[in-house]
Amino acid sequence: MVKWKDRTAPIFIENDDFISQPRKRLRLRFALVFVVTLGGTWAWHDVQADPYKEIRSGQLLATSTETGSPRVFANIDNKTTIEVSGMVAHVSVEQHFRNDHDSVLEGIYVFPLPDKAAVHRMRIRIGERIIRGIVKEKAQAKALYQQAKSKGNKAALVSQHRPNLFKTNVANIPPGETIVVELDYIDLVQYQQGQFELRFPMAITPRYSPRVQQRDDRQADDPQTVEALVADQLGWSQVYAPTTSVTQANLAVNRSPAALEVSTELTVSLDTGLPLKNIESAYHNININNQNDVYWVNLDHKIKPLQKDFVLRWQAQTGKSPKAALFKQSVKDEDYVQMMLLPPQEAMTEHYLPREMIYVIDTSGSMQGQSIIQAKKSLALALDQLTEQDHFNVLNFNTSTQQLFDSSLPATSENIINAKNYINRLQAGGGTEMMTALKKSLRHSSHEERVRQVIFITDGAVSNEEELFKAIYQHLGNSRLFTVGIGSAPNTYFMRKAAEFGRGSFTHIGDVNVVHERMARLFSKLNKPLIRDITIEWPAGSDAEQYPKKIPDLYEGEPLLVNASVKEFSGLIKLRGKWQGNKSWEKTLSMGSDVNHLGIGTLWARQKIQHLLDQKVKGRPEQEVRQSVLDVALTHQLMSPYTSFIAIDQKPNPKENPALGAKPLLNAVAMPKTATRATLSLLWGGGLMLFFIILKISMNKEEDYDLDK
């Protein structure tokens, strides 16, 4: 029986008799309960994490068709070779899958690639034999793969899950055998403020699905495959798919944590035609060799685990930066032209206009750690760039959206101090409900006479990109949207496309040490006038089809890149635009040589596909877009949301055929989190400490209780 006395702590009485405990015994029991509870809680926490927490981006999980339980390949190696010629990067990726188990396995491997990559070739290598892949409509490619798998043929299927997330399925890998899947793609080198940059993605950021979309995030024409991005109850993509206790036991017993990691080798050759300087890697140690102005860059060791994108930057020697360039590739009766143009320095004089600056900062859970530090530092630097002619406001969002002022206020010293204090108090946590913040930041302003610029600072960890693009397209008005990507592996597809729809630009900050440099470049660009209303006059009779259709605004230090298909290229190209108000600007280009530059036609086709996909955001029916994309992708043999690569070895496995019609339970690939488990651990630790402090106070009061009162 328990009775309560008029005391600040409860007194426990059994059979109406108070049982007194000596102080020493109470302390011993207190210590024992503390140790047992702490140990039990830690063990529970560790069980919840399970061995999957060690799996990194790019891990291949496999399923035995005999047991139906997922296994892990012992060793998955990536070998990447990148050849840079001018502004074009030709990339070859080898994925080595080795089956160290005693049964035939099938696996799924999820990996990132640049969102603008033109994936144009795939093949599988089995020993000395090479099976070339072909592009088929997505559903047809999957049907061919399933048919080959059921017959016991080795096969590989490569498909696009998202614009920057791809998936390889490999069927019927015999025990002790290695199958190599080779992918080739073409990408553009980025150029900004005199610096070239090449990015090769290696890590995947978990995505947040808004509350209205918390569902399995899978392709409509791929309903039976367990995808890598599955929303959990909180909206974040899970690190692994639901598993059985058997699966966890297999992982725990058969594989050490070290074996759950993927390694990669990477080699880059830089043949830009210019003497280079300041070649550096943002996040990895590299070795550099120069052979006749061709620079060879190698990682000084295999990367393991894959947690950061590989980013290589370089500069041309002083006075050697390109001002304009024209490249051509001839394919049968078609010419493809790529034009690069930098704005003239004489156009970039100071011409300041009053602005309304809207700063938006992501404070969701994926921004924990260094990301929120970088974001807050970036925002503080942005406030320091304001003048008294400017107006500004600050918004932050996670599960909900808050804003500092009801409307934009003048950038007085007092208002800036209040804003900095507000920013210092921000903490990361919760979901990424970006839609409300996006609409509020683009909301119509009463400051019509001011240039309205929205600076959006986030890692872009969202899964509803297309809905957000539609919101930007519908609500942009006269604003310009500039995205600032935070972290070593942000969702660059969302960041770049959001800025593109917002008629702005994308800036990436991957390290707290480069915040000042990158933000200074952004502000320098925003403070300078731009060349706008650019048009291109192609030679008569060329029948040019150019992408992008509408030329974006041209900022200081950023090149204009246009790809075009022409029937016959000859003559001059004329560019016209406006700068510093309505002053006329004009530039003439001509083809310097007849050198055939490989890859330009492929890049043009990829850009056309992207243009067609953008039409969905602008309201064009899905079926029309799909058919148009299929026509281009099948003609140019390119991967797209509606096409996949399929390669089938017609020679079946003679000894170990999987059971016909078996449906193995493929597990999704684990992805590294941008936020660590530190928050959860701190909450557990803090809760335990609070519990035992209360318990200790209660025991002390029991010891001092006077029975005579």
# chains A, B, ... in the order shown; residues from 1 in each chain; ligands from 1
call {"tool": "residues_around", "arguments": {"residues": "Lys587 in chain A", "least_positions_apart": "3", "cutoff": "9 Å", "atoms": "only C-alpha atoms", "output": "PDB file with C-alpha atoms, in the first residue's frame"}}
result
ATOM      1  CA  ILE A 573      26.995  33.857 -84.930  1.00  0.00           C
ATOM      2  CA  LYS A 574      25.841  37.190 -83.489  1.00  0.00           C
ATOM      3  CA  LEU A 575      24.823  37.722 -79.871  1.00  0.00           C
ATOM      4  CA  ARG A 576      22.933  40.801 -78.696  1.00  0.00           C
TER       5      ARG A 576
END
call {"tool": "atom_distance", "arguments": {"atom1": "CA of Leu476 in chain A", "atom2": "CA of Arg443 in chain A"}}
result
8.0 Å
call {"tool": "atom_distance", "arguments": {"atom1": "CA of Leu530 in chain A", "atom2": "CA of Gln374 in chain A"}}
result
27.9 Å
call {"tool": "closest_residue", "arguments": {"among": "A:Arg532, A:Arg125, A:Lys79, A:Lys470", "to": "Ala647 in chain A", "atoms": "only C-alpha atoms"}}
result
A:Arg125
call {"tool": "residues_around", "arguments": {"residues": "Gln160 in chain A", "least_positions_apart": "3", "cutoff": "7 Å", "atoms": "only C-alpha atoms", "output": "PyMOL selection string"}}
result
chain A and resi 163+165-167+640-641
call {"tool": "write_last_selection", "arguments": {"atoms": "N, CA and C atoms", "output": "mmCIF file, in the first residue's frame"}}
result
data_model
loop_
_atom_site.group_PDB
_atom_site.id
_atom_site.type_symbol
_atom_site.label_atom_id
_atom_site.label_comp_id
_atom_site.auth_asym_id
_atom_site.auth_seq_id
_atom_site.Cartn_x
_atom_site.Cartn_y
_atom_site.Cartn_z
ATOM 1 N N PRO A 163 16.922 12.347 -61.094
ATOM 2 C CA PRO A 163 17.886 12.917 -62.047
ATOM 3 C C PRO A 163 19.332 12.759 -61.622
ATOM 4 N N LEU A 165 20.252 10.258 -59.172
ATOM 5 C CA LEU A 165 20.339 9.012 -58.417
ATOM 6 C C LEU A 165 19.990 7.844 -59.336
ATOM 7 N N PHE A 166 20.935 6.905 -59.468
ATOM 8 C CA PHE A 166 20.786 5.813 -60.420
ATOM 9 C C PHE A 166 20.873 4.469 -59.696
ATOM 10 N N LYS A 167 20.456 3.428 -60.396
ATOM 11 C CA LYS A 167 20.375 2.111 -59.778
ATOM 12 C C LYS A 167 20.816 1.041 -60.766
ATOM 13 N N SER A 640 17.309 8.097 -69.393
ATOM 14 C CA SER A 640 16.375 9.160 -69.052
ATOM 15 C C SER A 640 15.379 8.602 -68.037
ATOM 16 N N PRO A 641 14.450 9.432 -67.531
ATOM 17 C CA PRO A 641 13.433 8.883 -66.618
ATOM 18 C C PRO A 641 12.570 7.809 -67.264
#
